[in-house]
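Participant: You'll find coords-v3.txt just under this line, and it carries compact mmCIF, C-alpha atoms and all ligand atoms.
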```txt
# COMPACT_ATOMS: atom_id res chain seq x y z
CA MET S 1 151.30 34.65 158.28
CA LYS S 2 147.63 34.79 157.29
CA TYR S 3 148.17 34.19 153.53
CA ASN S 4 150.67 32.04 151.71
CA CYS S 5 153.41 33.50 149.47
CA ASP S 6 151.97 32.18 146.18
CA LEU S 7 148.78 34.14 146.69
CA ILE S 8 150.72 37.31 147.55
CA SER S 9 153.03 36.92 144.53
CA ASP S 10 149.90 36.75 142.33
CA LEU S 11 148.66 39.98 143.87
CA LEU S 12 151.98 41.86 143.77
CA PRO S 13 151.67 43.13 140.13
CA LEU S 14 148.22 44.57 140.91
CA TYR S 15 149.60 46.12 144.09
CA LYS S 16 152.57 47.59 142.23
CA ASP S 17 150.40 49.18 139.54
CA ASP S 18 148.00 50.42 142.24
CA ILE S 19 144.97 48.78 140.61
CA CYS S 20 143.80 46.65 143.55
CA SER S 21 141.18 47.34 146.21
CA GLU S 22 142.01 48.84 149.59
CA ALA S 23 141.40 45.43 151.23
CA THR S 24 143.93 43.69 148.95
CA LYS S 25 146.41 46.53 149.53
CA LYS S 26 146.13 45.99 153.27
CA ILE S 27 146.65 42.23 152.97
CA VAL S 28 149.74 42.65 150.76
CA GLU S 29 151.26 45.33 153.01
CA GLU S 30 150.76 43.23 156.13
CA HIS S 31 152.40 40.24 154.39
CA LEU S 32 155.34 42.28 153.07
CA ALA S 33 156.04 43.57 156.56
CA GLU S 34 156.40 40.01 157.84
CA CYS S 35 157.81 38.05 154.84
CA LYS S 36 161.37 38.70 153.68
CA ASP S 37 161.08 36.62 150.45
CA CYS S 38 158.03 38.47 149.18
CA LYS S 39 159.56 41.80 150.17
CA LYS S 40 162.58 41.01 148.03
CA MET S 41 160.39 39.91 145.12
CA PHE S 42 158.51 43.20 145.33
CA ALA S 43 161.76 45.19 145.47
CA ASP S 44 163.05 43.40 142.31
CA MET S 45 159.79 44.08 140.57
CA SER S 46 159.90 47.82 141.31
CA ASP S 47 163.53 48.02 140.31
CA VAL S 48 163.40 47.01 136.66
CA THR S 49 159.93 47.19 135.30
CA ILE S 50 158.74 45.06 132.42
CA ASP S 51 157.72 48.15 130.46
CA GLU S 52 161.24 49.48 130.61
CA ASN S 53 162.60 46.17 129.42
CA ILE S 54 160.23 46.05 126.48
CA ALA S 55 161.03 49.64 125.53
CA LYS S 56 164.74 48.93 125.77
CA GLU S 57 164.44 45.82 123.64
CA LYS S 58 162.38 47.65 121.05
CA ASP S 59 164.99 50.43 120.79
CA GLU S 60 167.74 47.87 120.44
CA VAL S 61 165.91 46.08 117.62
CA ILE S 62 165.20 49.35 115.78
CA ASN S 63 168.80 50.53 116.21
CA SER S 64 170.32 47.28 115.01
CA GLN S 65 167.93 47.22 112.01
CA ALA S 66 168.85 50.83 111.16
CA LYS S 67 172.54 50.01 111.45
CA PHE S 68 172.03 46.94 109.25
CA PHE S 69 170.32 48.95 106.51
CA LYS S 70 172.91 51.74 106.77
CA ARG S 71 175.71 49.21 106.31
CA LYS S 72 173.85 47.56 103.41
CA SER S 73 173.19 50.86 101.61
CA ALA S 74 176.77 52.07 102.18
CA PHE S 75 177.95 48.78 100.69
CA ALA S 76 175.64 49.15 97.65
CA GLY S 77 176.84 52.75 97.26
CA SER S 78 180.48 51.63 97.23
CA ILE S 79 179.77 48.95 94.60
CA ILE S 80 177.97 51.44 92.32
CA ALA S 81 180.83 53.93 92.82
CA LEU S 82 183.26 51.22 91.69
CA ILE S 83 181.14 50.50 88.59
CA PHE S 84 181.08 54.24 87.80
CA ALA S 85 184.86 54.33 88.16
CA ILE S 86 185.29 51.95 85.19
CA PRO S 87 184.14 54.29 82.36
CA ILE S 88 185.90 57.19 84.11
CA LEU S 89 189.17 55.29 84.09
CA VAL S 90 188.74 54.10 80.48
CA CYS S 91 187.95 57.61 79.23
CA LEU S 92 190.85 59.08 81.22
CA ILE S 93 193.33 56.73 79.53
CA VAL S 94 191.80 57.03 76.03
CA ASN S 95 191.62 60.84 76.25
CA LEU S 96 195.24 61.06 77.45
CA ALA S 97 196.43 58.67 74.77
CA THR S 98 194.57 60.21 71.80
CA GLY S 99 194.49 63.93 72.56
CA LYS S 100 196.82 66.59 73.82
CA GLY S 101 195.90 66.35 77.50
CA LEU S 102 192.49 65.96 79.06
CA THR S 103 189.57 67.52 77.18
CA TRP S 104 186.28 65.67 76.69
CA PHE S 105 187.14 63.46 79.65
CA PHE S 106 185.81 66.18 81.96
CA ILE S 107 182.40 65.99 80.25
CA VAL S 108 182.27 62.23 80.91
CA LEU S 109 183.39 62.80 84.50
CA THR S 110 180.81 65.48 85.32
CA GLY S 111 178.11 63.53 83.44
CA ILE S 112 178.74 60.53 85.66
CA LEU S 113 178.77 62.85 88.67
CA VAL S 114 175.18 63.81 87.81
CA ALA S 115 174.15 60.15 87.88
CA ALA S 116 176.17 59.55 91.05
CA SER S 117 174.47 62.47 92.81
CA LEU S 118 171.12 60.71 92.29
CA ILE S 119 172.22 57.14 93.03
CA ILE S 120 175.23 57.12 95.34
CA VAL S 121 174.56 60.22 97.46
CA PRO S 122 171.23 58.99 98.92
CA LEU S 123 172.81 55.60 99.69
CA MET S 124 175.87 56.99 101.46
CA VAL S 125 174.59 60.09 103.27
CA PRO S 126 173.48 59.23 106.82
CA GLU S 127 171.11 62.18 107.43
CA ASN S 128 169.01 64.66 105.42
CA LYS S 129 169.20 62.34 102.40
CA MET S 130 166.64 64.20 100.30
CA LEU S 131 168.13 67.65 100.88
CA THR S 132 171.71 66.51 100.20
CA THR S 133 170.65 64.60 97.06
CA MET S 134 168.78 67.59 95.63
CA ALA S 135 171.71 69.92 96.40
CA SER S 136 174.33 67.57 94.93
CA PHE S 137 172.16 66.92 91.83
CA THR S 138 171.70 70.66 91.20
CA GLY S 139 175.41 71.31 91.77
CA SER S 140 176.53 68.52 89.44
CA VAL S 141 174.13 69.55 86.64
CA LEU S 142 175.47 73.12 86.81
CA LEU S 143 179.02 71.76 86.79
CA LEU S 144 178.24 69.62 83.72
CA LEU S 145 176.82 72.65 81.88
CA GLY S 146 179.91 74.69 82.84
CA VAL S 147 182.30 72.02 81.61
CA ILE S 148 180.46 71.57 78.28
CA CYS S 149 180.34 75.35 77.84
CA ILE S 150 184.11 75.63 78.41
CA TYR S 151 184.83 72.64 76.12
CA THR S 152 182.70 74.04 73.28
CA ARG S 153 183.93 77.61 73.93
CA GLY S 154 180.34 78.78 74.30
CA ASN S 155 179.06 81.90 76.04
CA TRP S 156 175.68 80.46 76.97
CA PHE S 157 176.54 79.11 80.43
CA LEU S 158 174.64 81.75 82.46
CA VAL S 159 171.48 81.31 80.37
CA ALA S 160 171.57 77.50 80.67
CA ALA S 161 172.56 77.51 84.36
CA SER S 162 169.97 80.08 85.46
CA SER S 163 167.19 78.31 83.51
CA THR S 164 168.19 74.97 85.04
CA LEU S 165 168.27 76.54 88.49
CA PHE S 166 164.79 78.03 88.00
CA GLY S 167 163.39 74.71 86.74
CA LEU S 168 164.92 72.69 89.57
CA THR S 169 163.74 75.26 92.13
CA MET S 170 160.19 74.84 90.80
CA LEU S 171 160.55 71.11 91.35
CA PHE S 172 162.54 70.96 94.61
CA ALA S 173 161.46 74.03 96.62
CA PRO S 174 158.17 72.56 97.96
CA PHE S 175 159.95 69.36 99.11
CA ILE S 176 162.86 71.25 100.69
CA ALA S 177 160.56 73.70 102.49
CA CYS S 178 158.55 70.88 104.10
CA ARG S 179 161.56 68.79 105.15
CA ARG S 180 163.81 68.87 108.17
CA PRO S 181 165.82 70.92 109.01
CA VAL S 182 164.47 73.68 106.72
CA ASN S 183 160.83 73.36 107.87
CA ALA S 184 161.88 74.11 111.46
CA TYR S 185 163.19 77.53 110.41
CA LEU S 186 160.30 78.38 108.08
CA LYS S 187 157.44 77.27 110.40
CA ASN S 188 154.29 78.90 108.92
CA SER S 189 156.09 80.79 106.16
CA LYS S 190 156.77 77.80 103.88
CA GLY S 191 154.52 79.06 101.07
CA LEU S 192 156.02 82.53 101.27
CA ALA S 193 159.58 81.13 101.17
CA ILE S 194 158.72 78.98 98.11
CA MET S 195 157.22 81.98 96.31
CA VAL S 196 160.32 84.08 97.11
CA ALA S 197 162.58 81.29 95.79
CA TYR S 198 160.53 81.07 92.57
CA THR S 199 160.56 84.84 92.07
CA VAL S 200 164.30 85.23 92.75
CA THR S 201 165.34 82.37 90.43
CA PHE S 202 162.89 83.59 87.78
CA ALA S 203 164.32 87.13 87.94
CA LEU S 204 167.84 85.70 87.77
CA MET S 205 166.94 83.64 84.70
CA MET S 206 165.31 86.59 82.92
CA THR S 207 168.32 88.81 83.71
CA CYS S 208 170.74 86.23 82.29
CA ILE S 209 168.64 85.76 79.14
CA GLY S 210 168.39 89.54 78.77
CA ILE S 211 172.15 90.04 79.03
CA TYR S 212 172.70 87.19 76.53
CA THR S 213 170.18 88.34 73.90
CA GLY S 214 170.76 92.07 74.17
CA PRO S 215 169.36 94.12 77.04
CA ALA S 216 167.95 97.02 75.02
CA ALA S 217 165.50 94.89 73.03
CA PHE S 218 164.78 92.29 75.73
CA PHE S 219 164.17 94.05 79.02
CA PRO S 220 161.36 96.53 78.16
CA LEU S 221 159.20 93.88 76.51
CA ALA S 222 160.12 91.10 78.98
CA THR S 223 159.30 93.34 81.96
CA ALA S 224 155.99 94.34 80.38
CA ILE S 225 155.00 90.69 79.97
CA ALA S 226 156.62 89.07 83.02
CA GLY S 227 155.75 91.82 85.54
CA PRO S 228 151.94 91.37 85.44
CA LEU S 229 152.28 87.57 85.18
CA VAL S 230 154.48 87.37 88.30
CA GLY S 231 152.08 89.83 89.93
CA MET S 232 149.21 87.44 89.10
CA ALA S 233 150.99 84.49 90.72
CA TRP S 234 151.70 86.53 93.86
CA ALA S 235 148.15 87.91 94.01
CA ILE S 236 146.61 84.41 93.78
CA PHE S 237 149.06 83.12 96.40
CA ALA S 238 148.39 86.01 98.78
CA ILE S 239 144.60 85.70 98.40
CA CYS S 240 144.54 81.92 98.92
CA ARG S 241 147.06 81.91 101.75
CA TYR S 242 146.31 85.03 103.79
CA LEU S 243 142.73 86.16 103.08
CA LYS S 244 140.59 84.91 105.96
CA MET S 245 137.33 84.71 104.02
CA ASN S 246 135.12 81.97 102.57
CA ALA S 247 135.91 80.16 99.30
CA ALA S 248 133.52 82.28 97.18
CA VAL S 249 135.17 85.54 98.27
CA LYS S 250 138.62 84.10 97.57
CA THR S 251 137.53 82.86 94.12
CA GLY S 252 136.04 86.24 93.29
CA ALA S 253 139.17 88.06 94.52
CA CYS S 254 141.36 85.78 92.35
CA PHE S 255 139.18 86.50 89.29
CA THR S 256 139.38 90.24 89.93
CA ALA S 257 143.17 90.20 90.42
CA VAL S 258 143.71 88.10 87.27
CA GLY S 259 141.34 90.33 85.29
CA ILE S 260 143.00 93.57 86.34
CA LEU S 261 146.56 92.26 85.91
CA SER S 262 145.71 90.73 82.50
CA GLY S 263 144.42 94.14 81.48
CA VAL S 264 147.70 95.67 82.63
CA LEU S 265 149.58 92.90 80.79
CA SER S 266 147.83 93.45 77.45
CA HIS S 267 148.12 97.22 77.70
CA ALA S 268 151.80 97.21 78.73
CA THR S 269 152.68 94.66 76.04
CA ALA S 270 150.94 96.71 73.35
CA MET S 271 152.80 99.83 74.51
CA SER S 272 156.16 98.03 74.50
CA VAL S 273 155.58 96.51 71.07
CA ALA S 274 154.65 99.94 69.72
CA ASN S 275 157.85 101.41 71.18
CA THR S 276 160.18 98.74 69.79
CA SER S 277 161.25 98.20 66.24
CA ILE S 278 159.23 94.96 65.93
CA THR S 279 157.40 95.31 62.64
CA GLY S 280 154.61 93.31 61.15
CA VAL S 281 153.15 92.51 64.59
CA THR S 282 149.93 94.20 65.45
CA PHE S 283 148.86 93.76 69.03
CA TYR S 284 145.19 94.52 69.58
CA SER S 285 145.17 95.75 73.11
CA ASP S 286 141.66 97.19 73.42
CA PRO S 287 139.47 94.07 72.97
CA TRP S 288 141.64 92.19 75.46
CA LEU S 289 141.48 95.04 77.90
CA VAL S 290 137.67 95.00 77.76
CA LEU S 291 137.53 91.20 78.15
CA MET S 292 139.93 91.16 81.11
CA LEU S 293 138.22 94.02 82.88
CA SER S 294 134.88 92.17 82.43
CA ILE S 295 136.44 89.09 84.05
CA GLY S 296 137.61 91.37 86.87
CA SER S 297 134.06 92.69 87.29
CA VAL S 298 132.60 89.16 87.34
CA GLY S 299 135.16 88.40 90.07
CA LEU S 300 133.92 91.38 92.09
CA ILE S 301 130.31 90.11 91.79
CA ILE S 302 131.33 86.58 92.94
CA ALA S 303 133.31 88.06 95.84
CA GLY S 304 130.35 90.29 96.76
CA ILE S 305 127.93 87.32 96.80
CA GLY S 306 130.48 85.33 98.85
CA ALA S 307 130.79 88.16 101.37
CA LEU S 308 126.98 88.44 101.68
CA VAL S 309 126.61 84.67 102.18
CA GLY S 310 129.42 84.81 104.77
CA MET S 311 127.71 87.63 106.65
CA PHE S 312 124.33 85.84 106.53
CA LYS S 313 125.87 82.61 107.86
CA GLY S 314 127.83 84.51 110.52
CA GLY S 315 124.60 86.23 111.64
CA LYS S 316 122.79 82.88 111.87
CA LYS S 317 125.63 81.41 113.94
CA ASN S 318 125.44 84.34 116.37
CA GLU S 319 121.66 83.88 116.67
CA ASN S 320 122.10 80.21 117.48
CA LYS S 321 124.52 81.16 120.27
ZN ZN S 401 155.69 35.64 151.49
```
Give the structure from this file in structure tokens form.
Facilitator:
Amino acid sequence: MKYNCDLISDLLPLYKDDICSEATKKIVEEHLAECKDCKKMFADMSDVTIDENIAKEKDEVINSQAKFFKRKSAFAGSIIALIFAIPILVCLIVNLATGKGLTWFFIVLTGILVAASLIIVPLMVPENKMLTTMASFTGSVLLLLGVICIYTRGNWFLVAASSTLFGLTMLFAPFIACRRPVNAYLKNSKGLAIMVAYTVTFALMMTCIGIYTGPAAFFPLATAIAGPLVGMAWAIFAICRYLKMNAAVKTGACFTAVGILSGVLSHATAMSVANTSITGVTFYSDPWLVLMLSIGSVGLIIAGIGALVGMFKGGKKNENK
């Protein structure tokens, strides 16, 4: 053999990764053909690569860490659940002993459920922690309202529940839409889905309030006010999200939409107030109408300037090409 085994074993990693010169390659190949020991060393090397080992070790460390934290958080969750069980048990016994059956105990129970949904659920749930916590929190708050309403013999549950649902949707919808697994379904329609959720829960809330306060007086006026306002929110969303124009055009378009819809709002409100039996309220529609339509016109001017600037810039770009 021309070269000794130590030299070849130094070269083998370079040979294996194919980062040596043709001359070195030739030397190593000639040696491997003659030397059984080095051939075996090379075979071992190709079999289990160092990279694979490192990757495997890394996965093992991450997995064992994750398991450790899961066990820890499940343990903490169990302890907190035990602590929560103490007042539940006390109230159960006291309520049974002092009253005729269970009454206010259910308020304590559902109240603690609300706290548990925020503290214990995220500790115990293995996947989709955020989504499950938000869902269990919303559910337990609605349950608490229901129980209190039954206990106090109220008829306000739908108003309270729908308002709570609307408020929590305002808060949670953006987080839910951007999180797995919901974001995979929504893809590029997250904004649209959030707006739909807002509109649906808002309509639900207004319907419940209307039924509670008396539909005849509520709905005409509420529709006159809420319709243009919801329209404004949708117009601004649609302009910002879908209009493929520069910022000035978008700003101008938003101004125009808000101006026009505010005009509609003031006019419709004035009409509704005039048609209802509300007395002593004078709603001056005309000055508002003029102001809002002026804002709309200013918006059109801004949008026009934006469009001109956009065209000028676009023309320059084309020239440069
Ligand atoms: Zn050798």
Participant: Throw together the list of residues within 10 Å of ligand ZN 401 (chain S), counting all atoms listed in the file, and drop it here as a VMD selection string.
Facilitator: chain S and resid 1 to 9 28 31 to 41
Participant: For the atom pair CA of Ala222 (chain S) and CA of Thr269 (chain S), what is the interatomic distance in Å to one decimal place?
Facilitator: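 That distance, rounded to one decimal, is 8.8 Å.
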Participant: Need the shell around region 120-127 of chain S: protein/DNA/RNA residues with any atom at most 10 Å away, counting all atoms listed in the file. Skip same-chain ones fewer than 6 positions apart. Format as a list of chain:residue names?
Facilitator: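 The neighbour list is S:Phe69, S:Lys70, S:Arg71, S:Lys72, S:Ser73, S:Ala74, S:Phe75, S:Ala76, S:Gly77, S:Ser78, S:Ile79, S:Ile80, S:Ala81, S:Phe84, S:Leu113, S:Thr133, S:Met134, S:Ser136, S:Phe137, S:Arg180.
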Participant: For Phe237 (chain S), which of S:Ile211, S:Val249, S:Leu144, S:Leu192 is the closest residue, counting only C-alpha atoms?
Facilitator: S:Leu192
Participant: Using all atoms listed in the file, which residues sit within 12 Å of Ala177 (chain S) once same-chain residues fewer than 5 positions away are excluded, as an MDAnalysis selection string?
Facilitator: chainID S and resid 130:131 169:172 182:197
Participant: Check the smallest atom-to-atom distance from each of S:Ala235, S:Met245, S:Leu221, S:Leu291 to Ala274 (chain S) using all atoms listed in the file, then report the winner.
Facilitator: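 Once distances to Ala274 (chain S) are computed over all atoms listed in the file, the minimum belongs to S:Leu221.
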Participant: Please provide the set of residues having any atom within 12 Å of Ala247 (chain S), restricted to all atoms listed in the file, with same-chain residues fewer than 5 positions apart removed, written as a list in words.
Facilitator: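 Contacts, with the query itself left out: Ile239, Cys240, Arg241, Gly252, Ala253, Cys254, Ile302, Ala303, Gly304, Ile305, Gly306, Ala307, Val309 and Gly310 of chain S.
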Participant: Kindly indicate which residue among S:Leu289, S:Leu261, S:Ile176, S:Ala161 lies nearest to Thr132 (chain S), using only C-alpha atoms for the distances.
Facilitator: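 Using only C-alpha atoms, the shortest distance to Thr132 (chain S) belongs to S:Ile176.
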Participant: How many Å separate CA of His267 (chain S) from CA of Gly299 (chain S)?
Facilitator: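 Straight-line distance from CA of His267 (chain S) to CA of Gly299 (chain S) works out to 20.0 Å.
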Participant: CA of Gly259 (chain S) and CA of Met311 (chain S) are how many Å apart?
Facilitator: 25.5 Å
Participant: I want to know what sits within 12 Å of Leu109 (chain S), based on all atoms listed in the file, with residues of the same chain fewer than 4 positions away left out; could you give that as a list of chain:residue names?
Facilitator: S:Phe84, S:Ala85, S:Ile86, S:Pro87, S:Ile88, S:Leu89, S:Val90, S:Cys91, S:Leu92, S:Asn95, S:Leu102, S:Thr103, S:Trp104, S:Phe105, S:Leu113, S:Val114, S:Ala115, S:Ala116, S:Ser140, S:Val141, S:Leu143, S:Leu144, S:Val147, S:Ile148
Participant: If you count all atoms listed in the file, which residues fall within 10 Å of region 202-204 of chain S, apart from same-chain ones fewer than 6 positions away, as a PDB file with C-alpha atoms, keeping the file's coordinate frame?
Facilitator:
```pdb
ATOM      1  CA  LEU S 158     174.640  81.750  82.460  1.00  0.00           C
ATOM      2  CA  VAL S 159     171.480  81.310  80.370  1.00  0.00           C
ATOM      3  CA  SER S 162     169.970  80.080  85.460  1.00  0.00           C
ATOM      4  CA  SER S 163     167.190  78.310  83.510  1.00  0.00           C
ATOM      5  CA  LEU S 165     168.270  76.540  88.490  1.00  0.00           C
ATOM      6  CA  PHE S 166     164.790  78.030  88.000  1.00  0.00           C
ATOM      7  CA  GLY S 167     163.390  74.710  86.740  1.00  0.00           C
ATOM      8  CA  THR S 169     163.740  75.260  92.130  1.00  0.00           C
ATOM      9  CA  MET S 170     160.190  74.840  90.800  1.00  0.00           C
ATOM     10  CA  VAL S 196     160.320  84.080  97.110  1.00  0.00           C
ATOM     11  CA  GLY S 210     168.390  89.540  78.770  1.00  0.00           C
ATOM     12  CA  THR S 223     159.300  93.340  81.960  1.00  0.00           C
ATOM     13  CA  ALA S 226     156.620  89.070  83.020  1.00  0.00           C
ATOM     14  CA  VAL S 230     154.480  87.370  88.300  1.00  0.00           C
TER      15      VAL S 230
END
```
Participant: Which residue, S:Ile236, S:Gly227, S:Ala270, S:Glu30, has the smallest gap to Lys250 (chain S) when you use all atoms listed in the file?
Facilitator: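 Smallest distance to Lys250 (chain S) is found for S:Ile236.
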Participant: Would you save region 29-114 of chain S to a file, keeping C-alpha atoms, as a compact mmCIF listing (two decimals), in the first residue's frame?
Facilitator:
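Result file decode-v5.txt:
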```
# COMPACT_ATOMS: atom_id res chain seq x y z
CA GLU S 29 -10.25 4.73 -3.79
CA GLU S 30 -7.04 2.84 -4.55
CA HIS S 31 -6.43 2.35 -0.81
CA LEU S 32 -10.01 1.23 -0.09
CA ALA S 33 -9.75 -1.38 -2.81
CA GLU S 34 -6.72 -2.92 -1.10
CA CYS S 35 -7.31 -2.29 2.65
CA LYS S 36 -10.10 -4.15 4.45
CA ASP S 37 -9.85 -2.09 7.70
CA CYS S 38 -10.26 1.25 5.98
CA LYS S 39 -13.06 -0.14 3.81
CA LYS S 40 -14.94 -1.14 6.95
CA MET S 41 -14.32 2.27 8.55
CA PHE S 42 -15.73 3.95 5.45
CA ALA S 43 -18.77 1.65 5.43
CA ASP S 44 -19.50 2.49 9.12
CA MET S 45 -19.15 6.16 8.37
CA SER S 46 -21.64 6.05 5.49
CA ASP S 47 -24.06 3.98 7.51
CA VAL S 48 -24.87 6.31 10.38
CA THR S 49 -23.88 9.83 9.64
CA ILE S 50 -22.99 12.32 12.34
CA ASP S 51 -25.64 14.73 11.08
CA GLU S 52 -28.32 12.14 11.60
CA ASN S 53 -27.08 11.48 15.10
CA ILE S 54 -27.12 15.14 16.00
CA ALA S 55 -30.60 15.60 14.56
CA LYS S 56 -31.83 12.55 16.45
CA GLU S 57 -30.33 13.77 19.70
CA LYS S 58 -31.80 17.22 19.22
CA ASP S 59 -35.29 15.76 18.66
CA GLU S 60 -34.93 13.59 21.72
CA VAL S 61 -33.94 16.58 23.88
CA ILE S 62 -36.83 18.69 22.57
CA ASN S 63 -39.32 15.85 23.04
CA SER S 64 -38.20 15.08 26.57
CA GLN S 65 -38.30 18.81 27.46
CA ALA S 66 -41.82 19.10 26.00
CA LYS S 67 -42.93 16.03 27.93
CA PHE S 68 -41.38 17.46 31.10
CA PHE S 69 -43.24 20.76 30.75
CA LYS S 70 -46.49 18.98 29.84
CA ARG S 71 -46.22 16.85 32.98
CA LYS S 72 -45.36 19.93 35.09
CA SER S 73 -48.28 21.99 33.74
CA ALA S 74 -50.71 19.07 34.11
CA PHE S 75 -49.53 18.74 37.71
CA ALA S 76 -50.00 22.48 38.37
CA GLY S 77 -53.45 22.26 36.75
CA SER S 78 -54.45 19.40 39.05
CA ILE S 79 -53.29 21.31 42.14
CA ILE S 80 -55.25 24.44 41.15
CA ALA S 81 -58.31 22.26 40.41
CA LEU S 82 -58.02 20.83 43.93
CA ILE S 83 -57.80 24.34 45.43
CA PHE S 84 -60.90 25.35 43.43
CA ALA S 85 -62.70 22.27 44.75
CA ILE S 86 -62.48 23.58 48.35
CA PRO S 87 -64.90 26.55 48.07
CA ILE S 88 -67.15 24.45 45.81
CA LEU S 89 -67.39 21.76 48.47
CA VAL S 90 -67.90 24.27 51.31
CA CYS S 91 -70.66 26.10 49.43
CA LEU S 92 -72.32 22.80 48.46
CA ILE S 93 -72.58 21.74 52.11
CA VAL S 94 -73.60 25.18 53.43
CA ASN S 95 -76.23 25.64 50.70
CA LEU S 96 -77.67 22.17 51.35
CA ALA S 97 -77.70 22.71 55.10
CA THR S 98 -79.23 26.21 55.13
CA GLY S 99 -81.61 26.24 52.17
CA LYS S 100 -84.19 23.99 50.63
CA GLY S 101 -81.91 22.28 48.11
CA LEU S 102 -79.21 23.80 45.95
CA THR S 103 -79.75 27.40 44.85
CA TRP S 104 -76.94 29.99 44.98
CA PHE S 105 -74.41 27.15 44.97
CA PHE S 106 -74.73 26.99 41.18
CA ILE S 107 -73.65 30.65 40.92
CA VAL S 108 -70.50 29.87 42.93
CA LEU S 109 -69.88 26.77 40.81
CA THR S 110 -70.21 28.52 37.44
CA GLY S 111 -68.25 31.53 38.74
CA ILE S 112 -65.35 29.26 39.61
CA LEU S 113 -65.74 27.58 36.23
CA VAL S 114 -65.04 30.96 34.60
```
